[in-house]
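With compact mmCIF, C-alpha atoms inside, this is target.txt:
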```
# COMPACT_ATOMS: atom_id res chain seq x y z
CA MET A 1 -9.07 15.74 -6.77
CA THR A 2 -8.37 15.24 -10.43
CA ALA A 3 -8.01 11.61 -11.48
CA ALA A 4 -4.39 10.50 -11.33
CA PRO A 5 -2.81 9.35 -14.60
CA GLN A 6 -2.04 5.64 -14.89
CA GLY A 7 0.59 4.22 -17.21
CA GLY A 8 1.03 0.75 -18.74
CA TRP A 9 4.09 -1.45 -19.22
CA THR A 10 6.97 0.12 -21.09
CA THR A 11 10.76 0.11 -21.04
CA ALA A 12 13.18 2.48 -19.41
CA ARG A 13 16.87 3.06 -20.04
CA VAL A 14 18.98 3.62 -16.95
CA ALA A 15 20.44 7.12 -17.29
CA ALA A 16 22.13 7.38 -13.89
CA VAL A 17 22.82 5.21 -10.86
CA ALA A 18 23.84 6.87 -7.57
CA ARG A 19 24.92 4.59 -4.75
CA THR A 20 24.84 6.92 -1.77
CA GLY A 21 24.33 6.67 1.94
CA THR A 22 23.73 3.42 3.76
CA GLY A 23 22.02 0.86 1.58
CA LEU A 24 20.43 3.36 -0.77
CA VAL A 25 20.59 3.53 -4.54
CA GLY A 26 19.10 6.32 -6.63
CA VAL A 27 18.10 5.31 -10.14
CA ARG A 28 17.23 7.79 -12.88
CA LEU A 29 15.26 6.37 -15.78
CA ASP A 30 14.53 7.54 -19.29
CA VAL A 31 11.06 6.05 -19.70
CA ALA A 32 9.77 5.28 -23.20
CA ASP A 33 6.29 6.62 -24.01
CA ARG A 34 6.19 8.16 -20.58
CA VAL A 35 2.96 9.26 -18.89
CA ASP A 36 3.53 12.19 -16.52
CA HIS A 37 2.93 11.38 -12.87
CA LEU A 38 1.62 13.16 -9.81
CA PRO A 39 3.93 13.38 -6.79
CA GLY A 40 3.15 10.42 -4.51
CA GLN A 41 2.61 7.90 -7.31
CA HIS A 42 4.86 4.90 -7.89
CA TYR A 43 6.39 2.74 -10.60
CA VAL A 44 6.71 -1.03 -10.76
CA VAL A 45 10.14 -2.31 -11.84
CA ARG A 46 10.20 -5.81 -13.34
CA LEU A 47 13.36 -7.86 -13.78
CA ARG A 48 13.32 -10.68 -16.32
CA ALA A 49 15.65 -13.71 -16.33
CA PRO A 50 16.67 -15.48 -19.57
CA ASP A 51 14.03 -18.20 -18.95
CA ASP A 52 11.30 -15.53 -18.55
CA TYR A 53 11.14 -15.79 -14.76
CA THR A 54 10.28 -12.32 -13.47
CA ALA A 55 10.40 -10.43 -10.18
CA GLN A 56 8.75 -7.06 -9.68
CA ARG A 57 8.49 -4.46 -6.92
CA SER A 58 6.92 -1.02 -6.52
CA TYR A 59 8.97 2.10 -5.79
CA SER A 60 7.79 5.64 -5.07
CA ILE A 61 8.82 8.37 -7.46
CA ALA A 62 11.21 11.01 -6.11
CA SER A 63 11.27 13.31 -9.13
CA ASP A 64 9.14 16.26 -10.14
CA PRO A 65 6.75 15.48 -13.03
CA ALA A 66 8.59 18.05 -15.17
CA ASP A 67 11.94 16.27 -14.72
CA PRO A 68 12.84 14.67 -18.08
CA LEU A 69 13.82 11.54 -16.15
CA VAL A 70 11.96 9.48 -13.55
CA GLU A 71 13.92 9.10 -10.32
CA LEU A 72 13.46 6.23 -7.88
CA MET A 73 15.26 5.74 -4.56
CA VAL A 74 15.63 2.12 -3.54
CA GLU A 75 16.57 0.79 -0.11
CA ARG A 76 18.49 -2.46 -0.01
CA LEU A 77 16.32 -4.93 1.86
CA PRO A 78 17.67 -8.02 3.61
CA ASP A 79 17.20 -10.85 1.14
CA GLY A 80 15.65 -8.39 -1.34
CA GLU A 81 15.62 -10.00 -4.77
CA VAL A 82 14.93 -6.84 -6.78
CA SER A 83 16.68 -4.32 -4.52
CA ALA A 84 19.85 -6.47 -4.49
CA HIS A 85 19.96 -6.43 -8.28
CA LEU A 86 19.46 -2.67 -8.42
CA HIS A 87 22.21 -2.21 -5.82
CA ASP A 88 24.78 -4.68 -7.06
CA VAL A 89 24.27 -5.19 -10.77
CA LEU A 90 22.49 -2.24 -12.36
CA GLU A 91 24.56 -0.01 -14.63
CA VAL A 92 23.92 3.03 -16.78
CA GLY A 93 22.61 1.87 -20.15
CA ASP A 94 20.69 -1.14 -18.83
CA VAL A 95 17.09 -1.45 -19.97
CA LEU A 96 14.38 -2.26 -17.43
CA GLU A 97 10.71 -3.09 -17.79
CA VAL A 98 8.66 -0.56 -15.87
CA ARG A 99 5.01 0.20 -15.36
CA GLY A 100 3.69 3.50 -14.18
CA PRO A 101 2.75 5.89 -12.94
CA LEU A 102 0.40 3.93 -10.68
CA GLY A 103 -1.77 4.65 -7.68
CA GLY A 104 -4.57 7.16 -7.47
CA TRP A 105 -4.89 7.75 -3.74
CA PHE A 106 -1.60 8.72 -2.15
CA CYS A 107 -0.84 11.55 -4.54
CA TRP A 108 -0.75 15.32 -4.53
CA ASP A 109 -2.02 17.38 -7.45
CA GLY A 110 -0.15 20.55 -6.49
CA THR A 111 -3.21 22.59 -5.51
CA THR A 112 -3.74 21.87 -1.81
CA ARG A 113 -1.83 22.69 1.35
CA ALA A 114 -0.09 19.43 2.17
CA GLY A 115 1.63 18.33 5.38
CA CYS A 116 3.88 15.27 5.24
CA VAL A 117 5.07 13.15 8.15
CA VAL A 118 7.42 10.64 6.59
CA GLY A 119 10.08 8.24 7.80
CA GLY A 120 13.04 6.40 6.28
CA THR A 121 12.55 5.71 2.58
CA GLY A 122 9.01 6.97 3.15
CA VAL A 123 10.47 10.45 2.52
CA VAL A 124 10.64 9.71 -1.22
CA PRO A 125 7.11 10.85 -2.17
CA ALA A 126 7.54 13.96 0.00
CA VAL A 127 10.72 14.80 -1.94
CA SER A 128 8.71 14.61 -5.16
CA MET A 129 6.10 16.93 -3.62
CA LEU A 130 8.75 19.42 -2.45
CA ARG A 131 10.43 19.46 -5.86
CA HIS A 132 7.11 19.95 -7.60
CA ALA A 133 6.04 22.72 -5.21
CA ARG A 134 9.33 24.55 -5.73
CA ARG A 135 9.08 24.32 -9.50
CA ILE A 136 5.55 25.69 -9.66
CA GLY A 137 6.63 28.54 -7.38
CA ARG A 138 4.57 27.40 -4.40
CA PRO A 139 7.07 26.02 -1.89
CA ASP A 140 4.70 27.26 0.82
CA LEU A 141 2.18 24.53 -0.08
CA VAL A 142 4.22 21.59 1.25
CA THR A 143 5.47 21.17 4.81
CA VAL A 144 7.52 18.11 5.71
CA VAL A 145 8.50 16.42 8.96
CA ALA A 146 11.06 13.77 8.03
CA VAL A 147 12.23 11.11 10.45
CA GLY A 148 15.36 8.99 10.17
CA ARG A 149 17.65 7.03 12.43
CA THR A 150 20.76 9.00 11.41
CA LEU A 151 21.43 11.65 8.81
CA ASP A 152 23.34 9.08 6.74
CA ASP A 153 20.38 6.70 6.83
CA LEU A 154 17.86 9.32 5.73
CA PRO A 155 17.45 9.53 1.95
CA TYR A 156 17.71 13.09 0.59
CA ALA A 157 18.65 14.41 4.05
CA GLU A 158 20.56 17.45 2.73
CA GLU A 159 17.88 18.30 0.20
CA LEU A 160 15.15 18.01 2.84
CA LEU A 161 17.02 20.30 5.22
CA GLY A 162 17.72 22.74 2.39
CA ALA A 163 14.03 22.82 1.49
CA GLY A 164 13.06 23.73 5.04
CA ALA A 165 11.82 20.32 6.14
CA PHE A 166 11.91 19.59 9.84
CA VAL A 167 14.22 16.60 10.32
CA ALA A 168 13.94 14.46 13.46
CA LEU A 169 16.66 11.87 14.02
CA THR A 170 16.02 9.06 16.46
CA ARG A 171 19.56 7.69 16.92
CA GLU A 172 21.81 10.74 16.82
CA ASP A 173 21.62 14.39 17.79
CA LEU A 174 21.09 16.94 15.05
CA GLY A 175 22.39 20.36 16.03
CA SER A 176 20.91 21.05 19.44
CA ARG A 177 18.10 18.53 18.99
CA VAL A 178 18.65 15.42 21.09
CA ALA A 179 17.91 12.10 19.35
CA ALA A 180 14.18 11.31 19.68
CA PRO A 181 11.11 10.63 17.59
CA PRO A 182 9.21 13.78 16.62
CA TYR A 183 7.31 15.51 19.42
CA PRO A 184 3.78 16.86 19.00
CA ASP A 185 4.99 20.48 19.06
CA GLU A 186 7.39 19.68 16.23
CA VAL A 187 4.52 18.31 14.16
CA ARG A 188 2.28 21.21 15.14
CA ARG A 189 4.49 23.44 13.01
CA LEU A 190 2.55 21.99 10.08
CA LEU A 191 -0.39 23.99 11.39
CA ASP A 192 1.43 26.99 12.81
CA ASP A 193 0.10 29.56 10.44
CA PRO A 194 -3.62 29.87 11.25
CA GLY A 195 -4.31 31.14 7.76
CA ALA A 196 -2.62 28.14 6.24
CA GLN A 197 -4.28 25.07 7.70
CA ILE A 198 -3.26 21.92 5.87
CA GLU A 199 -5.90 20.39 3.61
CA GLU A 200 -4.21 17.01 3.19
CA ALA A 201 -1.76 15.07 5.34
CA PHE A 202 0.52 12.39 3.92
CA VAL A 203 2.04 9.72 6.13
CA CYS A 204 4.58 7.33 4.60
CA GLY A 205 6.86 4.78 6.24
CA SER A 206 6.87 1.41 7.99
CA PRO A 207 3.65 0.22 9.70
CA GLY A 208 5.07 1.11 13.11
CA PHE A 209 6.08 4.55 11.91
CA ALA A 210 2.76 5.14 10.17
CA THR A 211 0.81 4.30 13.32
CA TYR A 212 3.00 6.65 15.37
CA ALA A 213 2.81 9.46 12.81
CA ALA A 214 -0.94 9.20 12.44
CA ARG A 215 -1.38 9.37 16.21
CA LEU A 216 0.82 12.48 16.33
CA LEU A 217 -1.28 14.14 13.65
CA GLY A 218 -4.39 13.33 15.66
CA GLU A 219 -2.84 14.82 18.79
CA VAL A 220 -2.16 18.11 17.04
CA GLY A 221 -5.68 18.29 15.70
CA VAL A 222 -5.50 17.00 12.14
CA ARG A 223 -8.75 15.21 11.30
CA SER A 224 -8.17 11.58 10.34
CA SER A 225 -10.27 12.11 7.19
CA LEU A 226 -7.47 14.34 5.87
CA VAL A 227 -4.77 11.73 6.43
CA LYS A 228 -3.56 9.54 3.59
CA VAL A 229 -1.27 6.69 4.52
CA GLU A 230 1.21 4.66 2.54
CA GLN A 231 3.02 1.99 4.51
CA PHE A 232 5.36 -0.77 3.54
CA GLY A 233 7.22 -3.61 5.19
CA PRO A 234 6.24 -6.55 7.37
CA THR A 235 4.85 -7.36 10.75
CA ARG A 236 5.99 -10.65 12.21
CA MET B 1 10.12 -7.61 -23.29
CA PRO B 2 13.90 -7.60 -22.85
CA VAL B 3 15.85 -9.88 -20.55
CA THR B 4 17.39 -7.86 -17.71
CA ARG B 5 21.17 -7.91 -18.03
CA GLY B 6 22.73 -9.86 -15.20
CA PHE B 7 19.47 -11.07 -13.64
CA THR B 8 18.87 -14.77 -13.11
CA GLY B 9 16.32 -14.75 -10.30
CA ARG B 10 16.18 -17.05 -7.35
CA ARG B 11 12.81 -18.77 -7.42
CA ARG B 12 14.00 -22.00 -9.02
CA GLU B 13 16.53 -22.55 -6.28
CA GLY B 14 13.58 -23.27 -3.98
CA ASP B 15 11.09 -26.08 -3.69
CA PRO B 16 9.30 -26.50 -7.06
CA ALA B 17 6.07 -27.40 -5.26
CA ARG B 18 6.16 -23.99 -3.57
CA ALA B 19 6.99 -22.28 -6.85
CA ASP B 20 3.84 -23.80 -8.41
CA ARG B 21 1.76 -22.11 -5.71
CA LEU B 22 3.10 -18.68 -6.63
CA PRO B 23 0.94 -16.70 -9.09
CA PRO B 24 2.80 -14.79 -11.83
CA GLY B 25 4.84 -11.83 -10.60
CA GLN B 26 4.50 -12.79 -6.92
CA HIS B 27 7.23 -13.61 -4.40
CA ASP B 28 7.19 -15.72 -1.25
CA VAL B 29 7.61 -13.62 1.91
CA GLY B 30 7.97 -16.58 4.24
CA ARG B 31 6.46 -15.90 7.67
CA ASP B 32 6.51 -12.10 7.32
CA TRP B 33 3.11 -10.56 6.96
CA PRO B 34 3.35 -7.13 5.33
CA VAL B 35 0.86 -4.39 6.16
CA LEU B 36 -0.47 -2.20 3.36
CA THR B 37 -3.44 0.04 3.93
CA ALA B 38 -4.51 3.44 2.75
CA GLU B 39 -5.57 4.41 6.22
CA VAL B 40 -4.58 4.34 9.83
CA ALA B 41 -5.64 1.15 11.62
CA PRO B 42 -8.71 2.01 13.72
CA GLN B 43 -9.13 0.68 17.24
CA VAL B 44 -12.42 -1.18 16.93
CA ARG B 45 -14.12 -2.27 20.15
CA THR B 46 -15.89 -5.60 19.94
CA GLU B 47 -18.53 -4.33 22.42
CA THR B 48 -19.83 -1.83 19.88
CA TRP B 49 -18.79 -3.48 16.59
CA SER B 50 -21.36 -5.30 14.47
CA LEU B 51 -21.66 -6.80 11.01
CA THR B 52 -24.69 -6.06 8.86
CA LEU B 53 -25.71 -7.95 5.73
CA ASP B 54 -28.25 -5.93 3.79
CA GLY B 55 -29.13 -4.55 0.38
CA LEU B 56 -30.88 -7.04 -1.88
CA VAL B 57 -31.67 -9.66 0.76
CA GLU B 58 -34.94 -11.02 2.13
CA ARG B 59 -33.94 -10.53 5.77
CA PRO B 60 -31.38 -7.77 6.48
CA THR B 61 -29.40 -9.14 9.40
CA THR B 62 -26.97 -7.72 11.94
CA TRP B 63 -24.63 -9.80 14.10
CA GLY B 64 -22.82 -8.54 17.15
CA TRP B 65 -19.38 -9.90 18.12
CA ASP B 66 -20.78 -12.71 20.32
CA GLU B 67 -23.57 -13.54 17.86
CA LEU B 68 -21.12 -13.89 15.00
CA ARG B 69 -18.82 -16.13 17.01
CA ALA B 70 -21.77 -18.33 17.97
CA LEU B 71 -22.32 -19.28 14.31
CA PRO B 72 -20.83 -22.50 12.90
CA ARG B 73 -17.11 -21.91 12.45
CA SER B 74 -15.10 -22.50 9.35
CA THR B 75 -11.35 -22.44 8.74
CA TYR B 76 -9.34 -21.51 5.66
CA ALA B 77 -5.87 -22.99 5.48
CA GLY B 78 -3.88 -21.84 2.47
CA ASP B 79 -2.16 -19.00 0.71
CA ILE B 80 -2.84 -15.26 0.35
CA HIS B 81 -1.63 -12.94 -2.39
CA CYS B 82 -1.19 -9.15 -2.24
CA VAL B 83 -1.21 -6.97 -5.36
CA THR B 84 2.11 -5.44 -4.22
CA THR B 85 3.63 -8.85 -5.16
CA TRP B 86 4.00 -10.65 -1.84
CA SER B 87 2.39 -14.00 -1.23
CA ARG B 88 2.21 -15.69 2.16
CA PHE B 89 1.84 -19.46 2.21
CA ASP B 90 0.08 -21.72 4.69
CA CYS B 91 -1.97 -19.13 6.53
CA ARG B 92 -4.74 -20.34 8.79
CA PHE B 93 -7.79 -18.15 9.32
CA THR B 94 -10.85 -18.98 11.43
CA GLY B 95 -14.26 -17.37 11.20
CA VAL B 96 -17.60 -17.91 9.49
CA SER B 97 -18.20 -18.79 5.87
CA LEU B 98 -20.06 -16.13 3.91
CA ASP B 99 -22.35 -18.95 2.77
CA THR B 100 -23.60 -19.19 6.37
CA LEU B 101 -24.30 -15.45 6.57
CA LEU B 102 -25.97 -15.36 3.15
CA GLU B 103 -28.18 -18.31 4.07
CA ALA B 104 -29.40 -16.39 7.11
CA ALA B 105 -30.15 -13.21 5.16
CA GLY B 106 -31.50 -14.83 1.97
CA PRO B 107 -30.09 -13.08 -1.12
CA ARG B 108 -32.76 -11.97 -3.57
CA SER B 109 -32.57 -13.50 -7.03
CA ASP B 110 -31.50 -10.17 -8.57
CA ALA B 111 -28.45 -9.83 -6.27
CA THR B 112 -25.27 -10.20 -8.34
CA TYR B 113 -22.60 -8.13 -6.55
CA VAL B 114 -21.53 -7.35 -3.03
CA VAL B 115 -19.80 -4.28 -1.65
CA ALA B 116 -17.88 -4.79 1.59
CA HIS B 117 -17.73 -1.71 3.84
CA ALA B 118 -15.19 -1.18 6.60
CA VAL B 119 -15.69 0.96 9.70
CA THR B 120 -13.18 3.41 8.18
CA GLY B 121 -15.28 4.01 5.07
CA TYR B 122 -13.08 1.74 2.93
CA THR B 123 -15.07 -0.24 0.36
CA THR B 124 -14.38 -3.04 -2.10
CA ASN B 125 -16.64 -4.69 -4.66
CA LEU B 126 -16.94 -8.35 -5.57
CA PRO B 127 -19.18 -10.45 -7.80
CA LEU B 128 -21.51 -12.48 -5.56
CA ALA B 129 -20.16 -15.59 -7.30
CA ASP B 130 -16.71 -14.85 -5.81
CA VAL B 131 -17.97 -14.93 -2.23
CA THR B 132 -20.20 -18.03 -2.39
CA GLY B 133 -19.43 -21.73 -2.62
CA GLY B 134 -16.94 -21.86 0.27
CA ARG B 135 -14.58 -19.22 -1.13
CA ALA B 136 -15.10 -16.32 1.30
CA TRP B 137 -15.23 -15.82 5.06
CA VAL B 138 -15.37 -13.20 7.76
CA VAL B 139 -12.52 -14.06 10.12
CA TRP B 140 -11.31 -13.03 13.55
CA GLU B 141 -8.39 -15.37 14.03
CA ALA B 142 -5.13 -15.74 12.09
CA ASP B 143 -2.55 -18.46 12.72
CA GLY B 144 -4.27 -19.35 15.98
CA ARG B 145 -4.28 -15.83 17.43
CA PRO B 146 -6.87 -13.03 17.48
CA LEU B 147 -6.58 -10.88 14.35
CA THR B 148 -4.61 -7.73 15.26
CA PRO B 149 -5.85 -4.23 14.31
CA GLU B 150 -3.18 -3.69 11.64
CA HIS B 151 -4.28 -6.89 9.93
CA GLY B 152 -7.95 -5.92 10.08
CA GLY B 153 -9.02 -7.06 13.51
CA PRO B 154 -11.32 -7.66 15.14
CA VAL B 155 -12.99 -8.95 11.98
CA ARG B 156 -11.99 -8.81 8.32
CA LEU B 157 -13.33 -10.24 5.11
CA LEU B 158 -11.26 -13.07 3.62
CA VAL B 159 -11.43 -13.84 -0.10
CA PRO B 160 -8.11 -15.61 -0.60
CA HIS B 161 -8.49 -16.50 -4.27
CA LEU B 162 -8.40 -12.77 -5.16
CA TYR B 163 -5.73 -10.14 -4.40
CA PHE B 164 -5.86 -9.27 -0.76
CA TRP B 165 -7.19 -5.71 -1.09
CA LYS B 166 -10.54 -7.45 -1.71
CA SER B 167 -10.34 -8.94 1.80
CA ALA B 168 -11.54 -5.74 3.48
CA LYS B 169 -10.09 -5.10 6.92
CA TRP B 170 -12.34 -3.94 9.79
CA VAL B 171 -15.43 -5.06 7.86
CA SER B 172 -18.78 -3.93 9.23
CA ARG B 173 -21.25 -4.21 6.37
CA LEU B 174 -21.86 -6.41 3.34
CA GLU B 175 -24.25 -4.80 0.88
CA LEU B 176 -25.81 -6.85 -1.92
CA LEU B 177 -26.47 -5.07 -5.21
CA ASP B 178 -27.85 -5.89 -8.64
CA ARG B 179 -24.96 -4.11 -10.39
CA ASP B 180 -21.24 -3.62 -9.99
CA ARG B 181 -20.21 -0.57 -7.97
CA PRO B 182 -16.41 -0.09 -7.85
CA GLY B 183 -14.95 0.35 -4.37
CA PHE B 184 -12.02 2.35 -3.03
CA TRP B 185 -9.01 0.89 -4.83
CA GLU B 186 -11.15 -0.03 -7.83
CA THR B 187 -11.76 3.71 -8.37
CA HIS B 188 -8.09 4.52 -7.69
CA GLY B 189 -6.46 2.59 -10.51
CA TYR B 190 -6.79 -1.04 -9.44
CA HIS B 191 -8.46 -3.86 -11.33
CA ASP B 192 -12.18 -4.49 -10.81
CA ARG B 193 -11.87 -8.21 -10.03
CA GLY B 194 -8.22 -8.86 -9.05
CA ASP B 195 -7.53 -12.52 -9.89
CA PRO B 196 -3.84 -13.14 -9.01
CA TRP B 197 -3.55 -16.11 -11.39
CA ARG B 198 -4.52 -13.81 -14.28
CA GLU B 199 -2.39 -11.02 -12.81
CA GLN B 200 -5.30 -8.57 -12.73
CA ARG B 201 -3.48 -5.88 -10.75
CA TYR B 202 -4.38 -2.56 -12.32
CA GLN B 203 -7.06 -1.13 -14.55
CA GLY B 204 -6.50 -2.27 -18.10
CA ASP B 205 -5.07 -5.68 -17.18
CA PRO B 206 -7.00 -8.33 -19.13
```
How does the structure come out when it is put into structure tokens?
Amino acid sequence: MTAAPQGGWTTARVAAVARTGTGLVGVRLDVADRVDHLPGQHYVVRLRAPDDYTAQRSYSIASDPADPLVELMVERLPDGEVSAHLHDVLEVGDVLEVRGPLGGWFCWDGTTRAGCVVGGTGVVPAVSMLRHARRIGRPDLVTVVAVGRTLDDLPYAEELLGAGAFVALTREDLGSRVAAPPYPDEVRRLLDDPGAQIEEAFVCGSPGFATYAARLLGEVGVRSSLVKVEQFGPTR
Amino acid sequence: MPVTRGFTGRRREGDPARADRLPPGQHDVGRDWPVLTAEVAPQVRTETWSLTLDGLVERPTTWGWDELRALPRSTYAGDIHCVTTWSRFDCRFTGVSLDTLLEAAGPRSDATYVVAHAVTGYTTNLPLADVTGGRAWVVWEADGRPLTPEHGGPVRLLVPHLYFWKSAKWVSRLELLDRDRPGFWETHGYHDRGDPWREQRYQGDP
């Protein structure tokens, strides 16, 4: 794989704030001196108080590299210092310190057949991959299984469905599909076309989800050496 | 850099003694213990697992699970810091000091770096000086319980004065070298040394 670009600290002007769904805020940023990213990479957002106290968190990029803005999708976490600010205070025109793109492992360079099994806000990097694949005229390269509790909870649910992603909801029925985690045969669709075996698999979500998703991929015959994992959130 | 409109932060509402223990840009996660790995947690069986210390040593040495646990034990009680900005205070890890392992294997005088290898193929590099003098361990117990697979069990490296990606999970080999050889994250955009107090997160940080 080509080396992923890495960006330093810069500033970004908030161009749009979309408070949609349950506890989700989409933020579109006009990044100064921007370095183009690869789908799967992330940005750090740093908030600075008047006495120079700072708080920073990493967020996956949802946008295509060719998008003139960088789009992040942020879940409101219980007691989340940075996510609470982005949800409650952030307005168009605010200036944020950002650093990115970052990360050279969990990223897709647009040349391989990629299968994604992603859950909750873990869908964000897969959305970037889908948008990129569509723009370069290769939507066939990216297959996505997206898992959410409900359609309202799942970021980009409509866009994922529109792009042909398989959506599995665990707490409500979707069409004729009864609420349940994804089954092996639903993940096997990533491999359905024998001429189009996936070359990379991307798993993104909570540790519990990532463990489940990786086991599913193993069950349907994806070698673990092809699987890249990004997980976030605590164990207790 | 600009002040963020409307942001005051919350750290100073807490205990100032705790705030002093927080490196720049970190936040206190309380008793949560986040999991961040590039890979799926492997199920490592202690019956077949072993730890090898080799490379530039006089006596390459391998310890099985029981042999390792028969060595003099050592405990670290203190804080850990992850590059993704969480810090967890007052952790308690039990295992063996790397000083004990190095004494058994006898580092050659030209050994200056160590690469830790995990059973998954994950690697991370450290100056030998960062893992000697009572600052590094291999551990199998956290907070009084066996280390779970998602946290690197059965045995992980522990180098708590550096960002936690240096504390390789599922460690199985420590290789001594006479030169620096960047490991997994160090070749994927992360800093070579990773000192949280100097905020050495990514390549290019001073």
Original post:
Neighbours of Ala180 in chain A within 9 Å (only C-alpha atoms; same-chain residues fewer than 6 positions away dropped), as a PyMOL selection string?
Top reply: chain A and resi 168-173
Polymer residues at most 10 Å from Ala165 in chain A, all atoms listed in the file, same-chain spacing of 4 or more positions, as a ChimeraX atom specification:
/A:116,126-127,130,142-146,157-161
Practice task
Using only C-alpha atoms, select each residue of chain B with any atom at most 8 Å away from an atom of chain A, and give the selection as JSON, numbers by chain.
Solution key: {"B": [1, 2, 3, 4, 5, 6, 7, 8, 9, 10, 25, 26, 27, 31, 32, 33, 34, 35, 36, 37, 38, 39, 40, 41, 84, 85, 188, 189, 190]}
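Shell of Asp79 in chain B at 12 Å, with all atoms listed in the file counted and residues fewer than 4 places along the chain excluded, is B:Arg18, B:Asp20, B:Arg21, B:Leu22, B:Pro23, B:Gln26, B:His27, B:Asp28, B:Val29, B:Gly30, B:Arg31, B:Trp33, B:Trp86, B:Ser87, B:Arg88, B:Phe89, B:Asp90, B:Cys91, B:Arg92, B:Phe93, B:Leu158, B:Val159, B:Pro160, B:His161, B:Leu162, B:Tyr163, B:Phe164, B:Pro196.
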* Counting all atoms listed in the file, select every polymer residue within 12 Å of (-19.2, -14.4, -9.5) as defined in the file's coordinates, and provide the selection as a ChimeraX atom specification. => /B:111-114,125-133,135-136,162,179-180,193,195
Atom pair CA of Pro182 in chain A + CA of Pro155 in chain A, distance 17.4 Å
| said: Using all atoms listed in the file - which residues lie no farther than 12 Å from the point (4.2, 14.7, -9.1) in the file's frame? Write them as a count of residues only. | reply: 43
As a PyMOL selection string, please: the residues near Gln43 in chain B (cut-off 12 Å, all atoms listed in the file, same-chain neighbours under 5 positions excluded).
(chain A and resi 211+215) or (chain B and resi 48-49+119-120+148-155+169-170)
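Distance check against Val98 in chain A using all atoms listed in the file: of A:Val117, A:Leu154, A:Ala12, A:Leu141, the minimum falls on A:Ala12.
Excluding Gly194 in chain B and any residue on its chain fewer than 3 positions from it, the residues at most 10 Å away by all atoms listed in the file are Cys82, Val83, Leu126, His161, Leu162, Tyr163, Phe164, Trp165, Lys166, Glu186, Tyr190, His191, Trp197, Arg198, Glu199, Gln200, Arg201, Tyr202, Gln203 and Asp205 of chain B.
We find CA of Leu176 in chain B and CA of Ala105 in chain B to be spaced 10.5 Å apart.
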Students should find that CA of Tyr59 in chain A and CA of Pro24 in chain B are spaced 19.0 Å
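Among A:Val92, A:Val31, A:Leu191, A:Met73, the residue with the shortest atom-to-atom distance to Val17 in chain A, counting all atoms listed in the file, is A:Val92.
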Fill-in result for range 178-190 of chain A, N, CA and C atoms as a CSV table (one decimal), keeping the file's coordinate frame:
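As a result, part-v5.csv now contains:
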```
chain,number,residue,atom,x,y,z
A,178,VAL,N,18.2,16.7,20.6
A,178,VAL,CA,18.6,15.4,21.1
A,178,VAL,C,17.9,14.3,20.4
A,179,ALA,N,18.5,13.2,20.1
A,179,ALA,CA,17.9,12.1,19.4
A,179,ALA,C,16.6,11.7,20.0
A,180,ALA,N,15.5,11.7,19.2
A,180,ALA,CA,14.2,11.3,19.7
A,180,ALA,C,13.2,11.3,18.5
A,181,PRO,N,12.2,10.5,18.6
A,181,PRO,CA,11.1,10.6,17.6
A,181,PRO,C,10.5,12.0,17.6
A,182,PRO,N,9.8,12.4,16.6
A,182,PRO,CA,9.2,13.8,16.6
A,182,PRO,C,8.2,14.0,17.8
A,183,TYR,N,8.2,15.2,18.3
A,183,TYR,CA,7.3,15.5,19.4
A,183,TYR,C,6.1,16.2,18.8
A,184,PRO,N,5.0,16.2,19.5
A,184,PRO,CA,3.8,16.9,19.0
A,184,PRO,C,4.0,18.3,18.6
A,185,ASP,N,4.8,19.1,19.4
A,185,ASP,CA,5.0,20.5,19.1
A,185,ASP,C,5.8,20.6,17.8
A,186,GLU,N,6.6,19.6,17.5
A,186,GLU,CA,7.4,19.7,16.2
A,186,GLU,C,6.5,19.4,15.0
A,187,VAL,N,5.5,18.6,15.2
A,187,VAL,CA,4.5,18.3,14.2
A,187,VAL,C,3.5,19.5,14.0
A,188,ARG,N,3.3,20.1,15.2
A,188,ARG,CA,2.3,21.2,15.1
A,188,ARG,C,2.7,22.3,14.2
A,189,ARG,N,4.0,22.4,13.9
A,189,ARG,CA,4.5,23.4,13.0
A,189,ARG,C,3.8,23.3,11.6
A,190,LEU,N,3.3,22.1,11.3
A,190,LEU,CA,2.6,22.0,10.1
A,190,LEU,C,1.3,22.9,10.1
```
